[in-house]
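**Student:** Sharing my_file-v6.pdb below, PDB, C-alpha atoms, pLDDT in the B column:
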ATOM      1  CA  MET K   1    -174.758  91.080  73.362  1.00 66.00           C
ATOM      2  CA  VAL K   2    -174.671  87.414  74.398  1.00 62.00           C
ATOM      3  CA  LYS K   3    -170.878  87.513  74.437  1.00 63.00           C
ATOM      4  CA  ASN K   4    -170.889  90.636  76.628  1.00 63.00           C
ATOM      5  CA  GLN K   5    -173.381  89.035  79.018  1.00 62.00           C
ATOM      6  CA  LYS K   6    -171.145  85.979  79.319  1.00 60.00           C
ATOM      7  CA  VAL K   7    -168.143  88.190  80.081  1.00 58.00           C
ATOM      8  CA  LEU K   8    -170.117  90.112  82.723  1.00 60.00           C
ATOM      9  CA  LEU K   9    -171.398  86.860  84.258  1.00 60.00           C
ATOM     10  CA  LYS K  10    -167.892  85.433  84.345  1.00 66.00           C
ATOM     11  CA  LYS K  11    -166.580  88.609  86.012  1.00 66.00           C
ATOM     12  CA  SER K  12    -169.437  88.501  88.528  1.00 67.00           C
ATOM     13  CA  GLU K  13    -168.608  84.888  89.390  1.00 65.00           C
ATOM     14  CA  GLN K  14    -164.918  85.762  89.753  1.00 67.00           C
ATOM     15  CA  ASP K  15    -165.745  88.715  92.017  1.00 67.00           C
ATOM     16  CA  LYS K  16    -167.918  86.439  94.161  1.00 63.00           C
ATOM     17  CA  ILE K  17    -165.125  83.861  94.483  1.00 61.00           C
ATOM     18  CA  ILE K  18    -162.628  86.593  95.416  1.00 66.00           C
ATOM     19  CA  GLN K  19    -165.041  87.979  98.012  1.00 65.00           C
ATOM     20  CA  GLU K  20    -165.590  84.516  99.531  1.00 64.00           C
ATOM     21  CA  GLN K  21    -161.824  83.924  99.660  1.00 64.00           C
ATOM     22  CA  GLU K  22    -161.312  87.270 101.423  1.00 70.00           C
ATOM     23  CA  GLN K  23    -164.008  86.416 103.968  1.00 65.00           C
ATOM     24  CA  LEU K  24    -162.480  82.996 104.657  1.00 63.00           C
ATOM     25  CA  GLN K  25    -159.033  84.581 104.986  1.00 67.00           C
ATOM     26  CA  GLU K  26    -160.488  87.073 107.458  1.00 69.00           C
ATOM     27  CA  TYR K  27    -162.045  84.210 109.435  1.00 65.00           C
ATOM     28  CA  THR K  28    -158.727  82.311 109.463  1.00 64.00           C
ATOM     29  CA  LYS K  29    -156.898  85.452 110.610  1.00 65.00           C
ATOM     30  CA  TYR K  30    -159.517  85.947 113.317  1.00 64.00           C
ATOM     31  CA  LEU K  31    -158.996  82.393 114.605  1.00 60.00           C
ATOM     32  CA  GLU K  32    -155.230  82.803 114.676  1.00 56.00           C
ATOM     33  CA  GLU K  33    -155.385  86.183 116.441  1.00 58.00           C
ATOM     34  CA  SER K  34    -157.989  84.935 118.919  1.00 55.00           C
ATOM     35  CA  GLU K  35    -155.856  81.911 119.743  1.00 53.00           C
ATOM     36  CA  ASP K  36    -152.773  84.076 120.319  1.00 55.00           C
ATOM     37  CA  GLU K  37    -154.766  86.638 122.288  1.00 53.00           C
ATOM     38  CA  LEU K  38    -156.360  84.002 124.508  1.00 53.00           C
ATOM     39  CA  ARG K  39    -153.037  82.250 125.118  1.00 58.00           C
ATOM     40  CA  ALA K  40    -151.384  85.526 126.198  1.00 57.00           C
ATOM     41  CA  PHE K  41    -154.445  86.544 128.193  1.00 52.00           C
ATOM     42  CA  ARG K  42    -154.562  83.211 130.039  1.00 58.00           C
ATOM     43  CA  HIS K  43    -150.857  83.489 130.906  1.00 54.00           C
ATOM     44  CA  ASP K  44    -151.124  87.102 132.124  1.00 58.00           C
ATOM     45  CA  TYR K  45    -154.394  86.449 133.909  1.00 54.00           C
ATOM     46  CA  ARG K  46    -152.833  83.573 135.877  1.00 60.00           C
ATOM     47  CA  ASN K  47    -149.888  85.750 136.895  1.00 62.00           C
ATOM     48  CA  MET K  48    -152.136  88.608 137.938  1.00 57.00           C
ATOM     49  CA  PHE K  49    -154.402  86.289 139.904  1.00 59.00           C
ATOM     50  CA  ASN K  50    -151.371  84.930 141.768  1.00 61.00           C
ATOM     51  CA  SER K  51    -150.353  88.481 142.628  1.00 60.00           C
ATOM     52  CA  LEU K  52    -153.793  89.082 144.125  1.00 61.00           C
ATOM     53  CA  LYS K  53    -153.867  85.911 146.204  1.00 62.00           C
ATOM     54  CA  ILE K  54    -152.915  87.731 149.389  1.00 58.00           C
ATOM     55  CA  SER K  55    -155.775  90.191 148.959  1.00 60.00           C
ATOM     56  CA  ALA K  56    -158.146  87.285 148.351  1.00 61.00           C
ATOM     57  CA  GLN K  57    -156.881  85.366 151.363  1.00 63.00           C
ATOM     58  CA  GLU K  58    -157.383  88.442 153.531  1.00 62.00           C
ATOM     59  CA  GLY K  59    -160.990  88.576 152.407  1.00 62.00           C
ATOM     60  CA  ASN K  60    -160.534  91.590 150.159  1.00 63.00           C
ATOM     61  CA  THR K  61    -162.568  89.943 147.368  1.00 64.00           C
ATOM     62  CA  LYS K  62    -164.099  93.209 146.147  1.00 69.00           C
ATOM     63  CA  GLU K  63    -160.655  94.570 145.269  1.00 66.00           C
ATOM     64  CA  VAL K  64    -159.694  91.328 143.510  1.00 61.00           C
ATOM     65  CA  ILE K  65    -162.851  91.283 141.391  1.00 66.00           C
ATOM     66  CA  GLN K  66    -162.510  94.961 140.503  1.00 71.00           C
ATOM     67  CA  LYS K  67    -158.880  94.623 139.376  1.00 66.00           C
ATOM     68  CA  LEU K  68    -159.565  91.458 137.361  1.00 62.00           C
ATOM     69  CA  ASP K  69    -162.556  93.120 135.708  1.00 65.00           C
ATOM     70  CA  GLU K  70    -160.506  96.214 134.805  1.00 68.00           C
ATOM     71  CA  TYR K  71    -157.718  94.037 133.413  1.00 60.00           C
ATOM     72  CA  THR K  72    -160.152  91.989 131.326  1.00 58.00           C
ATOM     73  CA  LYS K  73    -161.753  95.068 129.759  1.00 60.00           C
ATOM     74  CA  ALA K  74    -158.368  96.612 128.975  1.00 59.00           C
ATOM     75  CA  ASN K  75    -156.723  93.515 127.504  1.00 54.00           C
ATOM     76  CA  LEU K  76    -159.452  91.502 125.800  1.00 52.00           C
ATOM     77  CA  ASN K  77    -161.510  92.805 122.879  1.00 53.00           C
ATOM     78  CA  ALA K  78    -164.724  90.982 123.755  1.00 56.00           C
ATOM     79  CA  LYS K  79    -166.655  92.303 120.757  1.00 60.00           C
ATOM     80  CA  ALA K  80    -164.070  91.122 118.226  1.00 60.00           C
ATOM     81  CA  PHE K  81    -163.660  87.845 120.081  1.00 61.00           C
ATOM     82  CA  GLU K  82    -167.390  87.122 119.748  1.00 72.00           C
ATOM     83  CA  LYS K  83    -167.422  87.950 116.038  1.00 78.00           C
ATOM     84  CA  TYR K  84    -167.474  84.344 114.783  1.00 81.00           C
ATOM     85  CA  ARG K  85    -168.365  82.493 117.970  1.00 83.00           C
ATOM     86  CA  ASP K  86    -169.637  78.920 117.352  1.00 88.00           C
ATOM     87  CA  VAL K  87    -168.980  79.060 113.578  1.00 88.00           C
ATOM     88  CA  ASN K  88    -166.324  76.360 114.057  1.00 86.00           C
ATOM     89  CA  HIS K  89    -169.134  73.917 114.934  1.00 90.00           C
ATOM     90  CA  ILE K  90    -170.397  74.044 111.340  1.00 91.00           C
ATOM     91  CA  LYS K  91    -168.525  71.442 109.298  1.00 90.00           C
ATOM     92  CA  ILE K  92    -170.480  71.829 106.034  1.00 91.00           C
ATOM     93  CA  LYS K  93    -168.327  74.184 103.943  1.00 84.00           C
ATOM     94  CA  SER K  94    -171.084  75.867 101.921  1.00 86.00           C
ATOM     95  CA  LEU K  95    -173.201  76.569 105.020  1.00 91.00           C
ATOM     96  CA  LYS K  96    -170.168  77.744 106.970  1.00 88.00           C
ATOM     97  CA  SER K  97    -169.156  80.121 104.159  1.00 84.00           C
ATOM     98  CA  ILE K  98    -172.552  81.830 103.947  1.00 88.00           C
ATOM     99  CA  ILE K  99    -172.717  82.231 107.738  1.00 90.00           C
ATOM    100  CA  ILE K 100    -169.203  83.723 107.807  1.00 87.00           C
ATOM    101  CA  ALA K 101    -170.104  86.092 104.945  1.00 85.00           C
ATOM    102  CA  LYS K 102    -173.268  87.353 106.652  1.00 90.00           C
ATOM    103  CA  LEU K 103    -171.698  87.711 110.111  1.00 89.00           C
ATOM    104  CA  THR K 104    -168.835  89.644 108.507  1.00 85.00           C
ATOM    105  CA  GLU K 105    -171.339  91.986 106.856  1.00 89.00           C
ATOM    106  CA  MET K 106    -173.210  92.515 110.148  1.00 92.00           C
ATOM    107  CA  TYR K 107    -169.957  93.262 111.950  1.00 88.00           C
ATOM    108  CA  ARG K 108    -168.834  95.743 109.295  1.00 87.00           C
ATOM    109  CA  GLU K 109    -172.230  97.470 109.313  1.00 93.00           C
ATOM    110  CA  HIS K 110    -172.057  97.764 113.120  1.00 92.00           C
ATOM    111  CA  ILE K 111    -175.249  95.742 113.536  1.00 95.00           C
ATOM    112  CA  PRO K 112    -175.394  94.094 116.976  1.00 94.00           C
ATOM    113  CA  TYR K 113    -175.872  90.343 116.543  1.00 94.00           C
ATOM    114  CA  ASN K 114    -175.514  87.011 118.239  1.00 94.00           C
ATOM    115  CA  PHE K 115    -174.852  83.671 116.542  1.00 94.00           C
ATOM    116  CA  GLU K 116    -175.343  80.403 118.370  1.00 94.00           C
ATOM    117  CA  CYS K 117    -174.534  76.876 117.223  1.00 94.00           C
ATOM    118  CA  SER K 118    -174.109  74.635 120.259  1.00 90.00           C
ATOM    119  CA  SER K 119    -173.973  71.323 118.381  1.00 90.00           C
ATOM    120  CA  GLU K 120    -171.667  70.246 115.569  1.00 92.00           C
ATOM    121  CA  ILE K 121    -173.363  70.257 112.176  1.00 95.00           C
ATOM    122  CA  THR K 122    -171.641  67.597 110.095  1.00 93.00           C
ATOM    123  CA  LYS K 123    -174.385  66.612 107.658  1.00 91.00           C
ATOM    124  CA  LEU K 124    -177.824  67.500 106.348  1.00 92.00           C
ATOM    125  CA  PRO K 125    -180.782  65.224 105.562  1.00 89.00           C
ATOM    126  CA  LYS K 126    -179.851  63.298 102.407  1.00 88.00           C
ATOM    127  CA  ASN K 127    -182.461  64.766 100.065  1.00 91.00           C
ATOM    128  CA  ILE K 128    -181.541  68.408 100.773  1.00 92.00           C
ATOM    129  CA  ASN K 129    -179.525  70.300  98.187  1.00 91.00           C
ATOM    130  CA  GLU K 130    -176.894  72.367 100.026  1.00 91.00           C
ATOM    131  CA  ILE K 131    -177.295  75.241  97.552  1.00 90.00           C
ATOM    132  CA  ASP K 132    -181.004  75.496  98.348  1.00 93.00           C
ATOM    133  CA  LEU K 133    -180.238  75.767 102.064  1.00 94.00           C
ATOM    134  CA  VAL K 134    -177.501  78.338 101.411  1.00 91.00           C
ATOM    135  CA  ARG K 135    -179.971  80.421  99.372  1.00 92.00           C
ATOM    136  CA  ILE K 136    -182.526  80.326 102.191  1.00 94.00           C
ATOM    137  CA  VAL K 137    -179.950  81.328 104.817  1.00 95.00           C
ATOM    138  CA  GLY K 138    -178.623  84.074 102.550  1.00 92.00           C
ATOM    139  CA  ILE K 139    -182.050  85.574 101.805  1.00 93.00           C
ATOM    140  CA  SER K 140    -183.180  85.479 105.439  1.00 94.00           C
ATOM    141  CA  CYS K 141    -179.935  87.137 106.587  1.00 95.00           C
ATOM    142  CA  ASP K 142    -180.144  89.783 103.844  1.00 92.00           C
ATOM    143  CA  ASN K 143    -183.689  90.683 104.935  1.00 91.00           C
ATOM    144  CA  ALA K 144    -182.573  91.005 108.572  1.00 93.00           C
ATOM    145  CA  ILE K 145    -179.543  93.102 107.595  1.00 95.00           C
ATOM    146  CA  GLU K 146    -181.590  95.444 105.388  1.00 92.00           C
ATOM    147  CA  GLU K 147    -184.182  95.975 108.125  1.00 91.00           C
ATOM    148  CA  SER K 148    -181.420  96.594 110.677  1.00 94.00           C
ATOM    149  CA  LYS K 149    -179.865  99.241 108.435  1.00 94.00           C
ATOM    150  CA  VAL K 150    -183.226 101.021 108.269  1.00 91.00           C
ATOM    151  CA  LEU K 151    -183.463 101.026 112.067  1.00 93.00           C
ATOM    152  CA  ILE K 152    -179.920 102.372 112.429  1.00 94.00           C
ATOM    153  CA  GLU K 153    -180.651 105.153 109.891  1.00 93.00           C
ATOM    154  CA  GLN K 154    -183.678 106.065 112.015  1.00 92.00           C
ATOM    155  CA  ASN K 155    -181.497 106.095 115.162  1.00 93.00           C
ATOM    156  CA  GLN K 156    -183.374 103.089 116.506  1.00 93.00           C
ATOM    157  CA  GLU K 157    -181.917 100.021 118.166  1.00 94.00           C
ATOM    158  CA  ALA K 158    -181.148  97.082 115.853  1.00 96.00           C
ATOM    159  CA  HIS K 159    -180.341  93.504 116.775  1.00 96.00           C
ATOM    160  CA  ILE K 160    -180.142  90.119 115.029  1.00 97.00           C
ATOM    161  CA  GLU K 161    -180.246  86.693 116.687  1.00 97.00           C
ATOM    162  CA  ILE K 162    -179.248  83.603 114.678  1.00 97.00           C
ATOM    163  CA  MET K 163    -179.352  79.965 115.727  1.00 97.00           C
ATOM    164  CA  ALA K 164    -178.344  76.766 113.904  1.00 97.00           C
ATOM    165  CA  TYR K 165    -178.755  73.296 115.375  1.00 96.00           C
ATOM    166  CA  SER K 166    -178.450  69.667 114.356  1.00 94.00           C
ATOM    167  CA  SER K 167    -179.808  66.829 116.489  1.00 92.00           C
ATOM    168  CA  GLU K 168    -178.318  63.347 116.836  1.00 88.00           C
ATOM    169  CA  ARG K 169    -181.088  61.869 114.704  1.00 88.00           C
ATOM    170  CA  GLY K 170    -180.265  64.270 111.868  1.00 89.00           C
ATOM    171  CA  GLU K 171    -182.861  67.015 112.277  1.00 94.00           C
ATOM    172  CA  PHE K 172    -181.626  70.472 111.216  1.00 96.00           C
ATOM    173  CA  GLU K 173    -182.946  73.740 112.654  1.00 97.00           C
ATOM    174  CA  TYR K 174    -182.215  77.315 111.677  1.00 97.00           C
ATOM    175  CA  GLU K 175    -183.755  80.457 113.151  1.00 97.00           C
ATOM    176  CA  ILE K 176    -183.108  84.155 112.647  1.00 97.00           C
ATOM    177  CA  GLN K 177    -184.870  86.933 114.515  1.00 96.00           C
ATOM    178  CA  ASN K 178    -184.408  90.647 113.989  1.00 94.00           C
ATOM    179  CA  LYS K 179    -185.860  93.862 115.337  1.00 94.00           C
ATOM    180  CA  ARG K 180    -188.178  95.562 112.855  1.00 89.00           C
ATOM    181  CA  SER K 181    -189.522  99.047 112.268  1.00 81.00           C
ATOM    182  CA  ASP K 182    -192.982  98.286 110.840  1.00 66.00           C
ATOM    183  CA  SER K 183    -195.761  98.315 113.411  1.00 59.00           C
ATOM    184  CA  GLU K 184    -197.899  95.845 111.471  1.00 60.00           C
ATOM    185  CA  ILE K 185    -196.859  93.103 109.046  1.00 60.00           C
ATOM    186  CA  SER K 186    -199.096  90.666 107.196  1.00 52.00           C
ATOM    187  CA  ILE K 187    -197.474  87.204 107.143  1.00 56.00           C
ATOM    188  CA  LYS K 188    -199.485  86.282 104.050  1.00 54.00           C
ATOM    189  CA  GLN K 189    -198.616  89.493 102.218  1.00 51.00           C
ATOM    190  CA  ILE K 190    -194.844  89.416 102.793  1.00 53.00           C
ATOM    191  CA  GLN K 191    -194.641  85.947 101.195  1.00 49.00           C
ATOM    192  CA  GLN K 192    -196.201  87.116  97.934  1.00 50.00           C
ATOM    193  CA  SER K 193    -193.981  87.630  94.916  1.00 46.00           C
ATOM    194  CA  GLY K 194    -193.244  91.311  94.313  1.00 45.00           C
ATOM    195  CA  TYR K 195    -194.262  92.526  97.766  1.00 45.00           C
ATOM    196  CA  SER K 196    -191.738  94.652  99.630  1.00 49.00           C
ATOM    197  CA  THR K 197    -191.797  97.344 102.296  1.00 49.00           C
ATOM    198  CA  LYS K 198    -188.565  98.748 100.849  1.00 52.00           C
ATOM    199  CA  LYS K 199    -188.278 101.244  97.994  1.00 42.00           C
ATOM    200  CA  SER K 200    -186.641  99.986  94.754  1.00 35.00           C
ATOM    201  CA  HIS K 201    -186.763  96.412  96.020  1.00 38.00           C
ATOM    202  CA  SER K 202    -187.933  93.394  94.016  1.00 33.00           C
ATOM    203  CA  GLY K 203    -189.713  91.777  96.957  1.00 38.00           C
ATOM    204  CA  LEU K 204    -188.857  88.262  95.763  1.00 40.00           C
ATOM    205  CA  GLY K 205    -186.969  87.099  98.877  1.00 65.00           C
ATOM    206  CA  LEU K 206    -189.598  85.213 100.882  1.00 80.00           C
ATOM    207  CA  ALA K 207    -191.416  84.177  97.712  1.00 83.00           C
ATOM    208  CA  ASN K 208    -188.174  82.549  96.509  1.00 87.00           C
ATOM    209  CA  ILE K 209    -187.769  80.850  99.875  1.00 91.00           C
ATOM    210  CA  ASN K 210    -191.292  79.418  99.595  1.00 89.00           C
ATOM    211  CA  SER K 211    -190.584  78.095  96.108  1.00 89.00           C
ATOM    212  CA  ILE K 212    -187.533  76.287  97.491  1.00 92.00           C
ATOM    213  CA  LYS K 213    -189.485  74.931 100.453  1.00 93.00           C
ATOM    214  CA  ASN K 214    -192.130  73.486  98.137  1.00 93.00           C
ATOM    215  CA  LYS K 215    -189.499  71.141  96.710  1.00 93.00           C
ATOM    216  CA  TYR K 216    -189.098  69.321 100.031  1.00 94.00           C
ATOM    217  CA  GLU K 217    -191.765  67.492 101.993  1.00 93.00           C
ATOM    218  CA  ASN K 218    -189.499  67.283 105.058  1.00 94.00           C
ATOM    219  CA  MET K 219    -188.848  71.041 105.205  1.00 95.00           C
ATOM    220  CA  THR K 220    -191.025  73.335 107.331  1.00 95.00           C
ATOM    221  CA  ILE K 221    -190.763  77.124 107.486  1.00 94.00           C
ATOM    222  CA  SER K 222    -192.692  79.413 109.781  1.00 92.00           C
ATOM    223  CA  TYR K 223    -192.842  83.191 110.176  1.00 90.00           C
ATOM    224  CA  GLU K 224    -193.843  85.078 113.294  1.00 89.00           C
ATOM    225  CA  VAL K 225    -194.052  88.796 114.023  1.00 86.00           C
ATOM    226  CA  PRO K 226    -194.012  89.306 117.800  1.00 84.00           C
ATOM    227  CA  GLU K 227    -194.110  92.973 118.778  1.00 83.00           C
ATOM    228  CA  GLY K 228    -191.086  94.778 117.379  1.00 87.00           C
ATOM    229  CA  TYR K 229    -189.535  91.626 115.891  1.00 91.00           C
ATOM    230  CA  PHE K 230    -189.592  89.386 112.828  1.00 91.00           C
ATOM    231  CA  ASP K 231    -188.867  85.695 113.366  1.00 93.00           C
ATOM    232  CA  PHE K 232    -187.936  83.178 110.645  1.00 95.00           C
ATOM    233  CA  TYR K 233    -187.767  79.511 111.653  1.00 96.00           C
ATOM    234  CA  LEU K 234    -186.798  76.522 109.498  1.00 97.00           C
ATOM    235  CA  VAL K 235    -186.823  72.823 110.344  1.00 97.00           C
ATOM    236  CA  ILE K 236    -185.632  69.975 108.119  1.00 96.00           C
ATOM    237  CA  GLU K 237    -186.624  66.537 109.326  1.00 94.00           C
ATOM    238  CA  PRO K 238    -184.403  63.557 108.499  1.00 90.00           C
ATOM    239  CA  GLU K 239    -185.741  61.357 105.728  1.00 76.00           C
ATOM    240  CA  GLU K 240    -187.421  58.196 106.910  1.00 70.00           C
ATOM    241  CA  GLU K 241    -185.516  55.148 105.770  1.00 59.00           C
ATOM    242  CA  SER K 242    -187.634  52.949 103.532  1.00 50.00           C
ATOM    243  CA  GLU K 243    -188.168  49.366 104.639  1.00 48.00           C
ATOM    244  CA  GLU K 244    -186.839  46.769 102.217  1.00 46.00           C
TER     245      GLU K 244
END
Re-express the file's structure as structure tokens.
**Tutor:**
Amino acid sequence: MVKNQKVLLKKSEQDKIIQEQEQLQEYTKYLEESEDELRAFRHDYRNMFNSLKISAQEGNTKEVIQKLDEYTKANLNAKAFEKYRDVNHIKIKSLKSIIIAKLTEMYREHIPYNFECSSEITKLPKNINEIDLVRIVGISCDNAIEESKVLIEQNQEAHIEIMAYSSERGEFEYEIQNKRSDSEISIKQIQQSGYSTKKSHSGLGLANINSIKNKYENMTISYEVPEGYFDFYLVIEPEEESEE
């Protein structure tokens, strides 16, 4: 039995590695295609704009704008182009991989989402284990994805907003907000081990996140439930340097 469990675990780990490699390959392909598409688009756009100069000079700006807008919609897949926007700003491989994996899943499930990372994230506070952060990001994304699937099944509008940020002094912020179907949610209740609004679900997600948070004095997590939404917000403060 132990031997079989080891074989299954090894296969599971191999499948996970293969899946991560496929997701990274997809991201690389996306970057290459986007670069080629943008280069061709920029070239064609410049030529078309030059051809419309006379109309613009004659004050026919409405025609110029209309033709440029039509050309943009026909020749640039805006949805695909936005698929991994800002992911290149994340330089920490483990964090980048989990974000790519979850954005890929959202895209494949046709869940509308937006990811924003305006600053480059090159490092985390020294005492933070990357795996712990990856687990938190993974669980929070999984919860948002599962809730979004429920909304879509009910023919309701779903949407996920994700933000990651790192300040110059080393503070790290992560926030994910998703539309929800439940009219009332108890913040205290959803953090308890075993609680879940979903059938056949362990309900350990937020409880696991809290157990991770308790390991770090410089990590703060807050939950909010504004009307129709669930908001998860994490802040990791940089460690204060001890005076010698």
**Student:** Starting from the shown file, work through the PyMOL selection byres ((chain K and resi 99) around 9) and note down what comes out as a ChimeraX atom specification.
**Tutor:** /K:87,94-98,100-104,134,137-138,141
**Student:** Take CA of Pro238 (chain K) and CA of Tyr216 (chain K) and report the distance between them in Å, one decimal.
**Tutor:**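 Here the two named atoms are 11.3 Å from each other.
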**Student:** Return the single residue from K:Asn214, K:Asn127, K:Gln156, K:Ser166 that is closest to Ser181 (chain K), with distances computed using only C-alpha atoms.
**Tutor:**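 Between K:Asn214, K:Asn127, K:Gln156, K:Ser166, the residue approaching Ser181 (chain K) most closely is K:Gln156.
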**Student:** Select, counting only C-alpha atoms, all protein, DNA and RNA residues no farther than 12 Å from (-188.2, 77.5, 104.0) in file coordinates, and express the selection as a ChimeraX atom specification.
**Tutor:** /K:128,132-140,173-175,191,205-223,232-236
**Student:** For the structure shown, which residues end up in the PyMOL selection byres ((chain K and resi 177) around 9)? Put them as a list in words, please?
**Tutor:**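 After applying the PyMOL selection byres ((chain K and resi 177) around 9), what remains is Ala144, His159, Ile160, Glu161, Ile162, Met163, Glu175, Ile176, Asn178, Lys179, Tyr229, Phe230, Asp231, Phe232 and Tyr233 of chain K.
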**Student:** Quick check, in Å to one decimal: how far apart do CA of Ile90 (chain K) and CA of Glu120 (chain K) lie?
**Tutor:**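 Spanning CA of Ile90 (chain K) to CA of Glu120 (chain K) is a straight-line distance of 5.8 Å.
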**Student:** Can you work out the spacing between CA of Glu147 (chain K) and CA of Asn114 (chain K) in Å, to one decimal?
**Tutor:** 16.1 Å
**Student:** Fewer than 2 positions away in the same chain doesn't count, so skip those; otherwise give me all residues within 12 Å of Ser167 (chain K), counting all atoms listed in the file, as JSON, numbers by chain.
**Tutor:** {"K": [117, 118, 119, 120, 121, 122, 123, 124, 125, 164, 165, 169, 170, 171, 172, 173, 174, 235, 236, 237, 238]}
**Student:** Pick from K:Lys93, K:Gln66, K:Pro226, K:Tyr84: nearest to Ile131 (chain K), with only C-alpha atoms counted?
**Tutor:** K:Lys93
**Student:** Considering only C-alpha atoms, can you say which of K:Glu130, K:Asp142, K:Glu82, K:Glu153 comes closest to Glu116 (chain K)?
**Tutor:** K:Glu82
**Student:** Please provide the set of residues having any atom within 7 Å of Ala158 (chain K), restricted to all atoms listed in the file, with same-chain residues fewer than 3 positions apart removed, written as a list in words.
**Tutor:** Ile111, Pro112, Ser148, Leu151, Ile152 and Lys179 of chain K
**Student:** Box time for region 142-157 of chain K: axis-aligned, enclosing all its listed atoms, 4 Å extra on each side; report centre and edge lengths in Å to one decimal, as JSON.
**Tutor:**
{"center_x": -181.9, "center_y": 97.9, "center_z": 111.0, "size_x": 12.6, "size_y": 24.3, "size_z": 22.3}
